[in-house]
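Down below is the structure, laid out as C-alpha cells.
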Amino acid sequence: MSKPKTLLKALIDQRQWTWADFEREFAQAAERVIGQGARNPTVGETQYRRWTGGRLRGLPSAEACRVLQDMFGVEASRLFEPPPQASESAVAQFDLEDEITMTAREAQDDAAATAASSVSDLTVDQLRDDVYALARGYSQELPHVTWRKAKALRELAESHRDRTAVPAQLQELLVIAGQASALMSTAAFDLGSFDGAKRLARTAALYGETARFEPLQAYAAGNLAYIAYYSGEQSQAPAHARRALTYAGLGATAVRRLHAIEARAYGHLGDMQSALRALHLSQETGGDRKDDLHDAVGGEFGFTPERLAMSNASTALLLGDGPTAESAALRALELMAALPPRQRSTEVFGKAAADLAMARLLSNNLAGAAEAIETMLSTVSPHRGTGLVTRAMTLRRVLAQRHLHGTAMVADLGERLEEFTRFYGQGQLVSPPYESPALDA
C-alpha cells in the first residue's frame, strides 16, 4: 500500500472507509453542520480522488471545509497537508486526541437528554452485559480499544434512550451510558488525555445524578480526585474524594477505594496527618455492605485488596515512609501471586513492583531495588496506562541522580527503564507528569 499523500487520506485509511463510506459520512455531516437542503456540498468520486491524492490547489469551498472539520476535528487546511512523518501511530494519536475531545463534549451534551418510545428488554440486557464485560476485562485490554468499545456502548445506549418512554428502561439506559462514560474517562486518563478524562468523569456523574444512581456519582468523583493530583491540580483532589464519600448507598469496596484515593490526595499535598488518617480508614473499612457498581459489576469499578495495598504503598512513598511503602508493596505482590492466573492484573503487579523498587531506594537498598525493577521490567501487560508509565519514569529519574552514578548495574537499569517507558508510552497522547514528587530530594 502506497503512503498517503494527505492527512485526510491517512485518517480515511485509518477508518477503513471506501469512497462510498466517505460520501455517506460527508453527507450526514453536511446535514449536521449546514442543515438539510439541496445546496449542501457533495463529493463525487473524481473530487474525492483529488482531495485525497494531494492534487488540490487551494482549499475546497468554505461549506465543504466546515463539513470536513466537523468530521475529523482538524482544521481543513491541515487535512490537505502531508500526514505526520514519524509513523502510523502518530496519525492514530493525532486523530484519537481530537476524537477524545470531541466525543467528551458530545457525551456531556447527550447526558441531559430525554426521549420517548420503547425498545426490547433484550436489547437493554445485552447492553448491560456488554458494559459489564468491558469493565471486568479492562486491565487486560489496550486503553484505546476500551475507549472505542465504551464510546460505541454509550452511543448505543443514547440511541435506544431516544426511542423509549418506559421508566425502567430509561433508568437502565442512563446507568449504562454513565458506566460507559466512566470507562471512557478511565481510558482517556490512561491515554494521557487529562482534560478529556475530567470532562467524561463529570459526564458519568451527570448520568448518575439523572438516574439517581449514587455509586456511579461516587466513582466518578473518585476519578476526578486522582485526575486532579496527576494533572497538577493537587489542591482540588481531597475535596473530590470527600464529596464522593458523602453519597448514600455505597458498599465497603467503594468506601475503601475513596479513602485510598483521599490518602493519595493528601500525600501529594504533604499533609501527613490527613493522609495517615485516610490511609487507616481505607484499611479498617470492613463489613459486607455492597453496592450495584463497585461490587455487582466489579472489574475496573471494583477495588481489590491487592489494588488497595498497591495504592497505599504509593501513598507511603509520597510521605517519604520507605518501610511502610515496602511492606504494602510486598503485600500487594503476595496477594497477586495467590490469585488464579486469569484474575491477576499484570498492570497492578507492575505498579506494585515499581513502588517496591522506589521504597527500597528510599532505604538505600540498591540491590533490593534492582531486584524489584527486574520484576517490573519482566511484566508484559497489554494495558499500558498512565500509572505504570509515570512510575517507570520516576524510577528512571531517581536512578539518574548523582549519588547513584558509577555502577554498571545502575547504568544498565537506567537504559532498560528508558526503553520501557518509550515502549509503554507509545500509546500516550501526552507525557504524564511524575507521580512521586516526594522522591525528588
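Just remember, in the C-alpha cells the first chain shown is A, the second B, etc., residues are 1-based per chain, and ligands are 1-based in the order shown.
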Hey, what's within 12 Å of Gln28 of chain A if we count only C-alpha atoms and toss same-chain stuff fewer than 2 positions away? As a PyMOL selection string, please?
chain A and resi 21-26+30-37+40-42+67-68+70-71
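Shell of Phe303 of chain A at 9 Å, with only C-alpha atoms counted and residues fewer than 3 places along the chain excluded, is Thr253, Ala254, Arg256, Arg257, His294, Asp295, Gly298, Gly299, Glu300, Glu306, Arg307 and Leu308 of chain A.
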Would you mind listing, for every residue of segment 333-365 of chain A within 12 Å of segment 118-136 of chain A, the two atoms forming the shortest contact and the distance between them in Å to one decimal, using only C-alpha atoms, sorted by chain and ascending residue number, as CSV?
```
residue,atom,partner,partner_atom,distance
A:Arg342,CA,A:Arg136,CA,11.6
A:Gln343,CA,A:Arg136,CA,10.0
A:Arg344,CA,A:Arg136,CA,11.8
A:Ser345,CA,A:Arg136,CA,10.8
```
Create the file for the chosen residues now, containing all heavy atoms and written as a compact mmCIF listing (two decimals), in the first residue's frame.
```
# COMPACT_ATOMS: atom_id res chain seq x y z
N ARG A 342 -5.74 -16.10 35.73
CA ARG A 342 -6.66 -15.31 34.92
C ARG A 342 -7.24 -14.12 35.68
O ARG A 342 -7.82 -13.21 35.09
CB ARG A 342 -7.79 -16.19 34.39
CG ARG A 342 -7.33 -17.28 33.45
CD ARG A 342 -8.49 -18.05 32.86
NE ARG A 342 -9.30 -17.21 31.99
CZ ARG A 342 -10.35 -17.66 31.31
NH1 ARG A 342 -10.70 -18.94 31.41
NH2 ARG A 342 -11.04 -16.85 30.54
N GLN A 343 -7.09 -14.10 37.00
CA GLN A 343 -7.60 -12.99 37.80
C GLN A 343 -6.53 -11.96 38.15
O GLN A 343 -6.82 -10.96 38.79
CB GLN A 343 -8.22 -13.54 39.10
CG GLN A 343 -9.46 -14.39 38.88
CD GLN A 343 -10.05 -14.87 40.19
OE1 GLN A 343 -9.85 -14.27 41.25
NE2 GLN A 343 -10.78 -15.99 40.14
N ARG A 344 -5.31 -12.20 37.72
CA ARG A 344 -4.22 -11.29 38.05
C ARG A 344 -4.17 -10.13 37.06
O ARG A 344 -4.21 -10.34 35.86
CB ARG A 344 -2.88 -12.02 38.05
CG ARG A 344 -2.77 -13.11 39.08
CD ARG A 344 -1.50 -13.92 38.89
NE ARG A 344 -1.49 -15.12 39.73
CZ ARG A 344 -0.66 -16.12 39.57
NH1 ARG A 344 0.25 -16.08 38.60
NH2 ARG A 344 -0.73 -17.18 40.37
N SER A 345 -4.06 -8.94 37.59
CA SER A 345 -3.85 -7.75 36.76
C SER A 345 -2.35 -7.51 36.65
O SER A 345 -1.70 -7.17 37.63
CB SER A 345 -4.54 -6.53 37.38
OG SER A 345 -4.11 -5.35 36.73
```
Best match for closeness to Thr346 of chain A among A:Ser274, A:Gln140, A:Thr421, A:Ser314, counting only C-alpha atoms
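Of the candidates, the smallest distance to Thr346 of chain A is held by A:Gln140.
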A straight line from atom CA of Glu415 of chain A to atom CA of Phe349 of chain A spans 21.5 Å
My list of candidates is A:His268, A:Arg289, A:Arg422, A:Lys351. Which is closest to Pro238 of chain A when distances are computed with only C-alpha atoms?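 Closest to Pro238 of chain A of all the choices is A:His268.
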Atomic separation - atom CA of Leu191 of chain A relative to atom CA of Leu356 of chain A, Å:
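Result for atom CA of Leu356 of chain A versus atom CA of Leu191 of chain A: 24.4 Å, one decimal.
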Point-to-point distance from atom CA of Ser185 of chain A to atom CA of Thr390 of chain A, Å rounded to tenths =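 Atom-to-atom, atom CA of Ser185 of chain A to atom CA of Thr390 of chain A, that is 18.1 Å.
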Could you pull out the alpha helix (DSSP H) residues of segment 245-369 of chain A from DSSP and send them as JSON, numbers by chain?
{"A": [252, 253, 254, 255, 256, 257, 258, 259, 260, 261, 262, 263, 264, 265, 266, 267, 268, 269, 272, 273, 274, 275, 276, 277, 278, 279, 280, 281, 282, 283, 284, 305, 306, 307, 308, 309, 310, 311, 312, 313, 314, 315, 316, 317, 318, 322, 323, 324, 325, 326, 327, 328, 329, 330, 331, 332, 333, 334, 335, 336, 337, 338, 346, 347, 348, 349, 350, 351, 352, 353, 354, 355, 356, 357, 358, 359, 360, 361, 362, 366, 367, 368, 369]}
Using only C-alpha atoms, the residue out of A:Arg243, A:Arg396, A:His259, A:His144 with shortest distance to Thr186 of chain A is A:His144
Practice prompt. For each of A:Ala325, A:Ala248, A:Leu318, A:Leu293, take the minimum atom-to-atom distance to Gly178 of chain A, counting only C-alpha atoms, then give the residue where this is smallest.
Written response: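 Checking each of A:Ala325, A:Ala248, A:Leu318, A:Leu293 against Gly178 of chain A, counting only C-alpha atoms, the winner is A:Leu293.
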Could you name the residues that touch Asp190 of chain A at 7 Å or less, counting only C-alpha atoms, but leaving out those on the same chain fewer than 4 positions away, as an MDAnalysis selection string? chainID A and resid 143 186 385:386
- Item | Non-local contacts of Leu279 of chain A (8 Å; only C-alpha atoms; under 2 positions in same chain excluded) as a list of chain:residue names | A:His259, A:Ala260, A:Ala263, A:Ala275, A:Leu276, A:Arg277, A:Leu281, A:Ser282, A:Gln283, A:Asn312
Best match for closeness to Tyr48 of chain A among A:Arg416, A:Arg154, A:Lys9, A:Arg66, counting only C-alpha atoms
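Ranked by minimum distance to Tyr48 of chain A, first place goes to A:Lys9.
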Within 6 Å of segment 332-339 of chain A, counting only C-alpha atoms, which residues qualify if same-chain residues fewer than 3 places away don't, as a VMD selection string? chain A and resid 306 309 to 310 329
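If only C-alpha atoms are the atoms counted, then among A:Leu330, A:Gln69, A:Asp288, A:Ala228 the closest residue to Ala252 of chain A is A:Asp288.
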